[in-house]
Structure formats: C-alpha cells, structure tokens
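Written out below as structure tokens is the structure these notes cover.
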Amino acid sequence: MEYTIHGTVMQALEVTLTQGESIYTESGGMAWMSGGIDMKTSGKGGLGKMIGRKLAGESMFMTTYTCTVPQGMITFTPEAPGKVIPLNLRAGHSMICQKDAFMCAEESVDLEMHFRRKLGSGLFGGEGFILQKLTGPGLAFVEIAGEVQMVDLKAGEQLKIDPGHIAMYEPTCNYDVQMVKGVMNIFAGGEGLFLATITGPGKVWLQTMPLSNLAGKLRRYISTG
C-alpha cells in the first residue's frame with residue numbers, strides 16, 4: 001500500500017492498492033476511486049463495536065474497499081479544513097485521538113472507543129468523555145482541524161491546554177483537567193472554568209482550530225429567525 005497526501009488547507013489522501021489489499025473507513029468516507037475496487041459495508045466487529053464507534057463519533061457501519069485488479073486508487077477527503085496525519089502503528093501500539101478523528105486504516109488496525117480515566121476529564125474537559133483509540137499493527141490516517149503542532153513531552157513535563165486544542169496523544173501521557181485559579185480568571189479570562197494538563201512522557205498533537213470553536217463563531221452569522 002502506498003499513499004500521497006495532496007493539498008495544503010483542504011487535503012486529499014490518495015491511496016494506491018495492489019490486488020488483494022484493503023482499506024476501511026466509515027460509511028460515506030470515500031471521495032472517489034478507480035475501477036476494480038470492491039466495496040463491502042458491514043458492522044465490523046459486531047454490535048458492541050458498532051455502538052462504541054457511534055459513541056466515539058464515527059458511523060456504526062464501516063465500509064471496506066478491496067482492490068481486485070493489479071493496481072487501484074481510492075481517495076479520501078476530510079470533513080473540515082485541516083491536516084491528514086498518517087500513523088504507522090506497530091503491533092500493540094495505540095494512539096488516543098479526539099472524537100471523529102478517524103479517517104481510514106488498513107484492515108489490521110483496530111478502532112474502538114476510549115474512556116478518559118478520570119470522570120472530571122470527560123465532564124469538564126470540553127470535548128466529551130469518549131475518545132477514539134487506534135491500535136496497530138498497520139497504517140491508519142486521522143484528520144485534524146486547522147494546523148497541527150506536535151510536542152514531545154519528557155517524563156514529568158507538563159503542558160496546560162485549552163481542552164479543545166488536544167487532537168491526539170500517546171497513551172503514555174497522563175491526561176487530567178484542573179480548575180482555573182482566580183475569580184477574575186474564571187469570569188473574565190475567556191478560557192472557561194477548566195484547563196487540561198497533559199504530563200509526559202509522550203507525544204501530543206495540538207490543533208489550531210477546534211471544530212467546536214469554529215461552529216461557535218459561525219453561529220453568530222447564521223439567522224435563526
């Protein structure tokens with residue numbers, strides 16, 4: 001399997017498959033493809049997995065595309081302006097992603113929902129209690145809104161973040177949510193009541209444009225009358 005990521009702001013992921021190779025995505029995730037690609041939609045993993053995917057922001061049904069000719073091409077596009085990030089996951093290695101980040105992956109990659117360990121992280125973190133967990137082996141792709149910055153935290157090193165800007169992190173990182181200190185900071189700081197704290201070791205991917213922020217800004221210009 002080979003791939004090319006085209007574009008800058010509205011990227012497109014073009015995957016080249018050889019005969020017998022497969023890739024799966026959520027229902028409706030494919031943009032265009034060449035001839036000789038077989039399409040099969042299923043629950044993939046049973047009812048439990050289907051419900052988990054729905055809670056994690058994906059469709060209950062997954063569609064698998066298999067190449068039936070010597071070589072075929074299939075293209076996937078993101079749902080919002082941003083970046084497509086490839087993840088080459090080794091066996092047993094996982095990545096924790098924000099809700100609705102999954103784009104597509106090889107058949108060997110497992111997609112499931114992930115609960116934040118601390119209840120406060122989910123209730124007050126701003127992006128919900130349920131995330132996505134991708135586990136290898138295999139190649140997977142996620143879509144992140146806006147520009148992306150990766151920070152590699154050392155053991156014990158901390159980063160305080162507006163929760164909406166956390167796009168993805170390694171499971172070795174510890175995620176927690178803390179209340180903002182100071183009355184004026186809470187009521188006039190404009191950052192809400194809580195800040196996320198991620199403690200290393202591990203890598204964290206940050207996004208410059210959380211979709212919730214974008215939706216809130218656009219809502220001002222949409223007539224409700």
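How things are named: the first chain in the structure tokens is A, the next is B, and so on; residues count from 1 in each chain; ligands count from 1 in the order shown.
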Neighbouring residues of region 209-211 of chain A were defined as those with any atom within 10 Å, considering only C-alpha atoms; residues of the same chain fewer than 4 positions away were excluded. Please report them as a CSV table (one decimal) with C-alpha atoms, in the first residue's frame.
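The result, written out as part_2.csv:
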chain,number,residue,atom,x,y,z
A,80,ALA,CA,-13.2,20.3,7.6
A,81,PRO,CA,-10.1,22.4,6.7
A,82,GLY,CA,-7.1,20.8,8.3
A,127,GLU,CA,-14.6,17.7,24.3
A,144,ILE,CA,-7.1,17.1,12.4
A,145,ALA,CA,-8.8,20.5,12.0
A,146,GLY,CA,-6.6,23.5,11.4
A,147,GLU,CA,-2.8,23.4,11.5
A,148,VAL,CA,-1.0,20.8,13.7
A,162,ASP,CA,-7.5,24.5,26.3
A,163,PRO,CA,-9.1,21.0,26.0
A,164,GLY,CA,-10.5,21.7,22.5
A,165,HIS,CA,-6.9,22.0,21.1
A,166,ILE,CA,-5.9,18.5,22.1
A,167,ALA,CA,-6.2,16.4,18.9
A,215,ALA,CA,-19.0,26.2,14.9
A,216,GLY,CA,-19.5,28.8,17.7
A,217,LYS,CA,-18.0,31.6,15.6
One-decimal distance in Å that lies between CA of Ser34 (chain A) and CA of Gly7 (chain A): 19.8 Å
From A:Leu111, A:Ile161, A:Ala140, A:Met39, residue lying nearest Tyr3 (chain A) [only C-alpha atoms]: A:Ala140
Residue among A:Ile23, A:Cys97, A:Ala105, A:Leu131 lying closest to Tyr169 (chain A), counting only C-alpha atoms: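 Nearest candidate to Tyr169 (chain A) out of A:Ile23, A:Cys97, A:Ala105, A:Leu131: A:Cys97.
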Residue nearest Leu89 (chain A) among A:Val151, A:Met30, A:Ile198, A:Val109 (counting only C-alpha atoms):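 Once distances to Leu89 (chain A) are computed over only C-alpha atoms, the minimum belongs to A:Val109.
The space separating CA of Lys44 (chain A) from CA of Met62 (chain A) comes to 6.3 Å.
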